[in-house]
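Next up, data-v4.tsv (TSV, C-alpha atoms):
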```
chain	number	residue	atom	x	y	z
A	1	THR	CA	0.00	0.00	0.00
A	2	TRP	CA	2.79	2.40	0.91
A	3	GLY	CA	4.56	1.67	-2.35
A	4	PHE	CA	1.37	2.30	-4.31
A	5	GLN	CA	0.79	5.65	-2.56
A	6	GLN	CA	4.42	6.66	-3.13
A	7	GLN	CA	4.12	5.85	-6.83
A	8	LYS	CA	0.88	7.78	-7.02
A	9	MET	CA	2.47	10.81	-5.37
A	10	THR	CA	5.41	10.64	-7.79
A	11	ASN	CA	3.10	10.48	-10.79
A	12	THR	CA	1.04	13.36	-9.42
A	13	GLY	CA	4.19	15.45	-8.97
A	14	ILE	CA	5.26	14.78	-12.55
A	15	ILE	CA	1.82	15.74	-13.86
A	16	ILE	CA	1.81	18.96	-11.82
A	17	ALA	CA	5.31	19.84	-13.08
A	18	ILE	CA	4.21	19.26	-16.68
A	19	ILE	CA	1.10	21.39	-16.16
A	20	LEU	CA	3.18	24.19	-14.60
A	21	LEU	CA	5.67	24.07	-17.47
A	22	ILE	CA	2.85	24.20	-20.01
A	23	CYS	CA	1.22	27.12	-18.18
A	24	VAL	CA	4.50	29.02	-18.08
A	25	ASN	CA	5.06	28.45	-21.79
A	26	GLU	CA	1.52	29.45	-22.74
A	27	SER	CA	1.31	32.46	-20.42
A	28	HIS	CA	4.71	34.05	-20.72
A	29	GLY	CA	6.88	32.12	-23.15
A	30	LEU	CA	10.63	31.96	-22.58
A	31	CYS	CA	13.64	34.26	-22.77
A	32	ALA	CA	16.32	33.64	-25.43
A	33	PHE	CA	19.17	35.64	-23.85
A	34	THR	CA	20.09	37.51	-20.69
A	35	GLY	CA	21.78	40.87	-20.25
A	36	VAL	CA	25.14	41.27	-18.54
A	37	PRO	CA	27.21	44.33	-17.47
A	38	ALA	CA	28.02	46.87	-20.19
A	39	GLY	CA	30.91	46.04	-22.50
A	40	GLN	CA	30.13	42.32	-22.60
A	41	PRO	CA	27.91	40.40	-25.01
A	42	PRO	CA	24.54	39.17	-23.72
A	43	LYS	CA	24.46	35.58	-22.49
A	44	ARG	CA	22.51	32.97	-24.44
A	45	ASN	CA	20.15	31.02	-22.22
A	46	SER	CA	21.19	27.39	-22.46
A	47	ARG	CA	17.94	26.22	-20.86
A	48	PRO	CA	14.35	27.53	-20.86
A	49	THR	CA	14.28	30.74	-18.81
A	50	PRO	CA	10.92	32.25	-17.84
A	51	PRO	CA	10.40	36.03	-17.76
A	52	VAL	CA	10.38	37.98	-14.50
A	53	ILE	CA	7.94	40.47	-13.00
A	54	TYR	CA	9.70	43.46	-11.44
A	55	SER	CA	8.11	45.53	-8.69
A	56	GLU	CA	9.94	48.66	-9.85
A	57	PRO	CA	8.90	50.65	-12.93
A	58	ILE	CA	10.55	49.65	-16.20
A	59	ASP	CA	11.71	53.13	-17.21
A	60	PRO	CA	12.71	52.51	-20.86
A	61	CYS	CA	9.50	50.53	-21.50
A	62	PRO	CA	6.86	52.00	-19.14
A	63	TYR	CA	4.00	50.13	-20.82
A	64	LEU	CA	5.57	46.85	-19.61
A	65	THR	CA	5.70	47.86	-15.94
A	66	GLY	CA	4.15	45.18	-13.76
A	67	LYS	CA	4.22	42.60	-16.56
A	68	PRO	CA	6.53	39.61	-17.09
A	69	VAL	CA	9.61	40.68	-19.07
A	70	CYS	CA	12.82	39.11	-20.35
A	71	CYS	CA	14.99	42.21	-19.84
A	72	ASN	CA	16.95	42.43	-16.59
A	73	LYS	CA	18.32	45.51	-14.85
A	74	PHE	CA	21.48	45.60	-16.98
A	75	GLN	CA	19.44	45.67	-20.18
A	76	GLN	CA	16.96	48.21	-18.84
A	77	SER	CA	19.79	50.57	-17.90
A	78	LYS	CA	21.42	50.22	-21.34
A	79	MET	CA	18.12	50.85	-23.12
A	80	SER	CA	17.51	54.00	-21.06
A	81	GLN	CA	20.85	55.36	-22.28
A	82	ASP	CA	20.16	54.45	-25.91
A	83	PHE	CA	16.63	55.86	-25.79
A	84	THR	CA	18.03	59.24	-24.80
A	85	ASP	CA	19.79	59.32	-28.18
A	86	ILE	CA	16.55	58.30	-29.93
A	87	ASP	CA	14.75	61.24	-28.31
A	88	LEU	CA	17.48	63.69	-29.30
A	89	ILE	CA	17.78	62.51	-32.91
A	90	PHE	CA	14.19	61.57	-33.81
A	91	GLY	CA	11.92	62.67	-30.97
A	92	ILE	CA	12.27	66.40	-31.60
A	93	ASP	CA	10.98	66.24	-35.20
A	94	CYS	CA	8.49	63.40	-34.73
A	95	PRO	CA	7.87	62.19	-31.15
A	96	ILE	CA	5.62	59.31	-32.26
A	97	CYS	CA	8.39	57.93	-34.47
A	98	ALA	CA	10.64	57.89	-31.40
A	99	VAL	CA	7.99	55.98	-29.43
A	100	ASN	CA	7.62	53.40	-32.20
A	101	MET	CA	11.39	52.90	-32.37
A	102	LYS	CA	11.62	52.48	-28.58
A	103	ARG	CA	8.85	49.91	-28.66
A	104	LEU	CA	10.71	47.93	-31.31
A	105	TRP	CA	13.72	47.47	-29.05
A	106	CYS	CA	11.54	46.99	-25.96
A	107	GLU	CA	9.77	44.13	-27.73
A	108	PHE	CA	13.05	42.67	-28.95
A	109	THR	CA	14.67	42.81	-25.51
A	110	CYS	CA	11.79	42.49	-23.04
A	111	ASN	CA	8.96	40.63	-24.80
A	112	PRO	CA	7.92	37.74	-22.51
A	113	ASN	CA	7.62	35.53	-25.60
A	114	GLN	CA	11.10	36.48	-26.76
A	115	SER	CA	12.09	32.97	-27.76
A	116	ASP	CA	9.16	32.88	-30.22
A	117	HIS	CA	10.81	35.62	-32.29
A	118	VAL	CA	14.49	35.51	-31.37
A	119	ARG	CA	17.16	32.86	-31.75
A	120	ALA	CA	20.37	33.46	-29.82
A	121	GLY	CA	23.49	31.96	-31.39
A	122	ASN	CA	27.13	32.08	-30.40
A	123	VAL	CA	29.50	34.87	-29.44
A	124	ILE	CA	31.63	35.86	-32.45
A	125	LYS	CA	34.27	38.45	-33.29
A	126	VAL	CA	32.90	41.37	-35.31
A	127	LYS	CA	35.03	44.16	-36.75
A	128	VAL	CA	33.63	47.69	-36.66
A	129	GLY	CA	36.03	50.22	-38.13
A	130	GLN	CA	39.46	49.28	-36.78
A	131	LYS	CA	38.15	47.62	-33.62
A	132	TYR	CA	36.97	44.07	-32.91
A	133	TYR	CA	34.01	43.36	-30.62
A	134	ASP	CA	32.77	40.20	-28.95
A	135	ALA	CA	29.13	40.07	-30.04
A	136	LEU	CA	26.29	37.63	-29.52
A	137	GLU	CA	24.85	36.70	-32.93
A	138	VAL	CA	21.08	36.93	-32.80
A	139	ASP	CA	18.34	36.26	-35.37
A	140	LEU	CA	15.27	38.46	-35.06
A	141	HIS	CA	12.16	37.39	-36.95
A	142	MET	CA	10.00	40.42	-37.67
A	143	SER	CA	6.69	41.01	-39.41
A	144	LEU	CA	6.95	42.73	-42.78
A	145	ASN	CA	3.70	44.58	-42.12
A	146	THR	CA	4.94	45.88	-38.78
A	147	THR	CA	8.25	46.89	-40.37
A	148	CYS	CA	6.50	48.89	-43.07
A	149	HIS	CA	4.26	50.69	-40.57
A	150	LEU	CA	7.29	51.56	-38.46
A	151	TYR	CA	9.13	53.01	-41.46
A	152	GLN	CA	6.06	54.96	-42.63
A	153	SER	CA	5.82	56.65	-39.24
A	154	CYS	CA	9.43	57.84	-39.48
A	155	ASN	CA	10.55	58.11	-43.11
A	156	LYS	CA	9.99	61.89	-43.41
A	157	ILE	CA	12.72	62.57	-40.87
A	158	PRO	CA	15.95	63.49	-42.76
A	159	GLU	CA	18.21	61.33	-40.57
A	160	ILE	CA	16.12	58.23	-41.31
A	161	SER	CA	16.01	58.83	-45.06
A	162	MET	CA	19.83	59.02	-44.88
A	163	MET	CA	19.97	55.62	-43.13
A	164	SER	CA	17.98	53.76	-45.75
A	165	SER	CA	15.40	54.19	-48.49
A	166	SER	CA	13.49	51.02	-47.55
A	167	ALA	CA	11.65	49.73	-44.49
A	168	MET	CA	13.74	46.56	-44.21
A	169	GLY	CA	16.99	48.45	-44.69
A	170	PHE	CA	15.97	50.89	-41.95
A	171	VAL	CA	15.52	48.12	-39.36
A	172	GLN	CA	18.58	46.13	-40.46
A	173	PHE	CA	20.69	49.30	-40.26
A	174	GLN	CA	19.83	49.55	-36.57
A	175	GLY	CA	20.58	45.85	-36.08
A	176	ASP	CA	24.02	46.27	-37.64
A	177	HIS	CA	24.85	49.14	-35.30
A	178	ALA	CA	24.00	47.13	-32.19
A	179	VAL	CA	27.51	45.62	-32.28
A	180	ASP	CA	29.41	48.58	-30.87
A	181	ARG	CA	26.51	49.79	-28.73
A	182	GLY	CA	25.33	46.53	-27.21
A	183	ASN	CA	27.77	43.77	-28.24
A	184	THR	CA	24.99	42.17	-30.26
A	185	LEU	CA	24.92	41.35	-33.99
A	186	ILE	CA	21.28	41.29	-35.03
A	187	ASN	CA	20.31	39.58	-38.28
A	188	VAL	CA	16.73	40.51	-39.11
A	189	HIS	CA	14.50	38.11	-41.04
A	190	PHE	CA	11.30	39.61	-42.45
A	191	HIS	CA	8.18	37.49	-42.96
A	192	ASP	CA	4.51	37.50	-41.97
A	193	GLU	CA	4.04	33.76	-41.49
A	194	GLU	CA	5.72	31.37	-39.09
A	195	LYS	CA	9.08	30.32	-40.52
A	196	GLU	CA	11.55	27.72	-39.30
A	197	GLY	CA	9.66	27.45	-36.03
A	198	TYR	CA	9.78	31.21	-35.31
A	199	LYS	CA	6.85	33.60	-35.30
A	200	PRO	CA	7.31	37.12	-36.67
A	201	LEU	CA	7.46	39.89	-34.08
A	202	ILE	CA	4.27	41.94	-34.26
A	203	TYR	CA	3.50	44.97	-32.11
A	204	ASP	CA	1.24	48.01	-32.30
A	205	VAL	CA	2.83	50.79	-34.35
A	206	HIS	CA	1.25	54.21	-34.01
A	207	SER	CA	0.60	56.41	-37.05
A	208	CYS	CA	2.61	59.63	-37.01
A	209	ASN	CA	-0.62	61.70	-36.73
A	210	THR	CA	-1.96	59.81	-33.71
A	211	LYS	CA	-3.72	62.19	-31.33
A	212	THR	CA	-2.31	62.16	-27.80
A	213	ASN	CA	-2.90	63.95	-24.52
A	214	GLY	CA	0.84	64.35	-24.07
A	215	THR	CA	1.42	60.71	-23.10
A	216	LEU	CA	1.58	57.61	-25.29
A	217	ASP	CA	2.29	54.07	-24.05
A	218	GLY	CA	3.57	55.59	-20.83
A	219	TYR	CA	6.05	57.88	-22.61
A	220	LYS	CA	5.66	61.55	-21.69
A	221	ASN	CA	5.80	64.72	-23.78
A	222	VAL	CA	4.57	62.93	-26.91
A	223	THR	CA	2.56	64.88	-29.48
A	224	SER	CA	1.45	64.26	-33.05
A	225	CYS	CA	4.17	64.79	-35.63
A	226	PRO	CA	3.87	68.07	-37.59
A	227	CYS	CA	3.10	68.18	-41.30
A	228	ASN	CA	6.78	68.66	-42.22
A	229	TYR	CA	7.54	65.16	-40.88
A	230	CYS	CA	4.19	63.43	-41.32
A	231	ASP	CA	2.05	63.55	-44.46
A	232	LEU	CA	-0.97	62.32	-42.50
A	233	SER	CA	-0.84	65.42	-40.28
A	234	CYS	CA	-1.23	67.78	-43.24
A	235	ASN	CA	-4.95	67.22	-43.60
A	236	GLY	CA	-5.65	64.21	-41.40
A	237	THR	CA	-6.31	61.79	-44.24
A	238	ASN	CA	-4.20	59.14	-45.83
A	239	ILE	CA	-3.07	60.79	-49.04
A	240	ASP	CA	0.12	60.64	-50.99
A	241	LEU	CA	1.59	64.13	-51.10
A	242	TYR	CA	4.62	63.05	-53.05
A	243	GLN	CA	4.94	64.35	-56.59
A	244	PRO	CA	7.77	63.29	-58.91
A	245	PRO	CA	10.23	66.20	-59.24
A	246	GLY	CA	10.15	68.06	-62.54
A	247	TYR	CA	13.13	68.60	-64.81
A	248	PHE	CA	13.58	72.16	-63.52
A	249	ASN	CA	12.68	71.31	-59.93
A	250	GLY	CA	14.51	73.72	-57.62
A	251	PHE	CA	15.45	76.00	-60.57
A	252	ASN	CA	15.18	79.68	-59.50
A	253	VAL	CA	14.77	81.65	-62.73
A	254	THR	CA	15.11	85.10	-61.12
A	255	LEU	CA	18.28	84.16	-59.28
A	256	VAL	CA	19.86	82.66	-62.41
A	257	LEU	CA	19.01	85.76	-64.49
A	258	VAL	CA	20.48	88.07	-61.87
A	259	VAL	CA	23.67	86.01	-61.72
A	260	TYR	CA	24.01	85.96	-65.50
A	261	PHE	CA	23.41	89.76	-65.66
A	262	LEU	CA	26.08	90.39	-63.03
A	263	VAL	CA	28.50	88.12	-64.87
A	264	PHE	CA	27.77	90.04	-68.12
A	265	VAL	CA	28.30	93.44	-66.44
A	266	VAL	CA	31.53	92.38	-64.74
A	267	THR	CA	32.86	90.81	-67.94
A	268	THR	CA	32.01	93.94	-69.95
A	269	LEU	CA	33.74	96.19	-67.42
A	270	ILE	CA	36.84	94.01	-67.47
A	271	ILE	CA	36.97	94.14	-71.27
A	272	MET	CA	36.47	97.92	-71.33
A	273	VAL	CA	39.18	98.53	-68.73
A	274	LYS	CA	41.52	96.20	-70.55
A	275	ASN	CA	40.89	97.93	-73.88
A	276	TYR	CA	41.40	101.35	-72.24
A	277	PHE	CA	44.80	100.41	-70.90
A	278	ASN	CA	45.77	98.70	-74.16
A	279	LYS	CA	44.89	101.86	-76.13
A	280	ARG	CA	46.68	104.02	-73.61
A	281	LYS	CA	49.72	101.82	-73.85
A	282	GLN	CA	49.55	101.86	-77.64
A	283	SER	CA	49.17	105.66	-77.67
A	284	LYS	CA	52.13	106.01	-75.35
A	285	THR	CA	54.19	103.73	-77.55
A	286	GLU	CA	53.26	105.70	-80.68
A	287	SER	CA	54.17	108.98	-78.94
A	288	GLU	CA	57.52	107.54	-77.96
A	289	HIS	CA	58.08	106.38	-81.53
A	290	SER	CA	57.14	109.86	-82.84
A	291	LEU	CA	59.59	111.50	-80.46
A	292	ILE	CA	62.29	109.06	-81.51
A	293	ARG	CA	61.60	109.74	-85.20
A	294	ALA	CA	61.62	113.50	-84.57
A	295	ALA	CA	64.87	113.24	-82.65
A	296	GLN	CA	66.35	111.17	-85.46
A	297	LYS	CA	65.29	113.80	-88.02
A	298	ILE	CA	66.75	116.62	-85.91
A	299	LEU	CA	69.94	114.66	-85.47
A	300	LYS	CA	70.08	114.02	-89.19
A	301	LEU	CA	69.50	117.68	-90.01
A	302	THR	CA	72.12	118.67	-87.47
A	303	LYS	CA	74.62	116.36	-89.07
A	304	GLN	CA	73.78	117.67	-92.52
A	305	THR	CA	74.12	121.29	-91.40
A	306	THR	CA	77.41	120.56	-89.65
A	307	GLY	CA	78.73	118.84	-92.76
A	308	LYS	CA	77.83	121.76	-95.01
A	309	LYS	CA	79.50	124.20	-92.65
A	310	LYS	CA	82.67	122.11	-92.62
A	311	LYS	CA	82.74	121.92	-96.43
A	312	LYS	CA	82.19	125.68	-96.74
A	313	LYS	CA	84.92	126.43	-94.24
A	314	LYS	CA	87.31	124.12	-96.01
A	315	LYS	CA	86.51	125.73	-99.37
A	316	ASN	CA	87.19	129.24	-98.02
A	317	LYS	CA	90.49	128.05	-96.68
A	318	TYR	CA	91.62	126.85	-100.08
A	319	SER	CA	90.43	130.08	-101.75
A	320	ALA	CA	92.55	132.18	-99.47
```
If you convert what's in this file into structure tokens, what do you get?
Amino acid sequence: TWGFQQQKMTNTGIIIAIILLICVNESHGLCAFTGVPAGQPPKRNSRPTPPVIYSEPIDPCPYLTGKPVCCNKFQQSKMSQDFTDIDLIFGIDCPICAVNMKRLWCEFTCNPNQSDHVRAGNVIKVKVGQKYYDALEVDLHMSLNTTCHLYQSCNKIPEISMMSSSAMGFVQFQGDHAVDRGNTLINVHFHDEEKEGYKPLIYDVHSCNTKTNGTLDGYKNVTSCPCNYCDLSCNGTNIDLYQPPGYFNGFNVTLVLVVYFLVFVVTTLIIMVKNYFNKRKQSKTESEHSLIRAAQKILKLTKQTTGKKKKKKKKNKYSA
């Protein structure tokens, strides 16, 4: 009897453990990697690691406060530093773009179902400029639709158009630059269906003209993007304001005519001054030549007169 009860208790324990594991997987998923102190690559989780609920606010991702997350304190601190740069570069022109970009990296780093979208590989050597970094190679599977919406909310900002002219290039550019900033090499795979056992990362992306009361997803001082950086804010409807540039696009007729007129005037003055000095020089040369000729004539006449006087004097001498 005792043996039967012991076996029953063992079986019950196994069943409970399986149920708990299933509940954890279904409720929160698992974390693919763990953050470590700055300057070191993140650590790949060699075994299933459940997310954690923190009692303190998650400052870089306020909308995740009180929820299970995969980002620890090291990662939260690093994101807070990086998000300051996002606010300075993108948040001034289009605050909603900055929020969407922050949410991308919050979802990548903190999403409780991180292992559904992220595969952590090995630490490799990556050269950036003249320096080598130890970086954790990571594959991020991301929804094409989400990627396009993210790019559309930001693509009017000059700095982003300089990064890339496509939605996928925009996200991959950021992944490439995670090496020197976070010791992580992120290879982004874009698809909308499950692929190779990984689901694409999907999250809510706000349109650049989203109306706010100053706060969005827990981020403060967020307003709709102005018309200069958001076509949708120009009249509130989804229209394409882009027009192909014409052949003379940017051609200022008045300015060009003024420049050509000034060039003509300056050129004419230069020619006139040059001709004046050439004529003056020529006149001076001719005067000098006239003086020389006159002097030569006087000299010649003087010689002739002197010769005649000498002949006359000599003739008088012989006569005497």
#### Entry: Nearby residues (all atoms listed in the file) at most 12 Å from Leu216 (chain A), same-chain spacing under 4 positions excluded, as a PyMOL selection string
chain A and resi 61-63+95-100+102-103+204-208+210-212+220-224
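CA of Leu301 (chain A) is positioned 18.2 Å from CA of His289 (chain A).
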### Task
Determine, counting only C-alpha atoms, which protein, DNA and RNA residues have an atom within 8 Å of an atom of His189 (chain A); residues of the same chain fewer than 2 positions away are not included. Present the result as a PyMOL selection string.
chain A and resi 139-142+187+191
For region 76-179 of chain A against region 31-43 of chain A, with a cut-off of 10 Å and counting only C-alpha atoms, what is the closest atom pair and its distance in Å to one decimal for every residue that makes the cut, ordered by chain and number, as CSV?
```
residue,atom,partner,partner_atom,distance
A:Gln76,CA,A:Gly35,CA,8.9
A:Ser77,CA,A:Ala38,CA,9.3
A:Lys78,CA,A:Ala38,CA,7.5
A:Thr109,CA,A:Phe33,CA,8.6
A:Cys110,CA,A:Cys31,CA,8.4
A:Asn111,CA,A:Cys31,CA,8.2
A:Pro112,CA,A:Cys31,CA,6.7
A:Asn113,CA,A:Cys31,CA,6.8
A:Gln114,CA,A:Cys31,CA,5.2
A:Ser115,CA,A:Ala32,CA,4.9
A:Asp116,CA,A:Ala32,CA,8.6
A:His117,CA,A:Ala32,CA,9.0
A:Val118,CA,A:Ala32,CA,6.5
A:Arg119,CA,A:Ala32,CA,6.4
A:Ala120,CA,A:Ala32,CA,6.0
A:Gly121,CA,A:Phe33,CA,9.4
A:Asn122,CA,A:Lys43,CA,9.1
A:Val123,CA,A:Pro41,CA,7.3
A:Ile124,CA,A:Pro41,CA,9.5
A:Tyr133,CA,A:Pro41,CA,8.8
A:Asp134,CA,A:Pro41,CA,6.3
A:Ala135,CA,A:Pro41,CA,5.2
A:Leu136,CA,A:Pro41,CA,5.5
A:Glu137,CA,A:Pro41,CA,9.3
A:Val138,CA,A:Phe33,CA,9.2
A:Val179,CA,A:Pro41,CA,9.0
```
### Task
Considering only C-alpha atoms, state which residue in the set A:Glu107, A:Asp59, A:Asp231, A:Glu288 is at the smallest distance from Tyr203 (chain A).
A:Glu107
### Task
Select, from A:Leu30, A:Val265, A:Leu150, A:Ile186, the residue with the minimum atom-to-atom distance to Leu104 (chain A), counting only C-alpha atoms.
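Closest candidate: A:Leu150.
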Quick one: residues within 6 Å of Cys225 (chain A), all atoms listed in the file counted, chain neighbours fewer than 3 positions away excluded, as a CSV table (one decimal) with C-alpha atoms, in the coordinates of the input?
```
chain,number,residue,atom,x,y,z
A,94,CYS,CA,8.5,63.4,-34.7
A,208,CYS,CA,2.6,59.6,-37.0
A,209,ASN,CA,-0.6,61.7,-36.7
A,230,CYS,CA,4.2,63.4,-41.3
```
### Task
May I ask for the distance between CA of Arg181 (chain A) and CA of Thr65 (chain A), given in Å to one decimal place?
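Distance reported for this atom pair: 24.5 Å.
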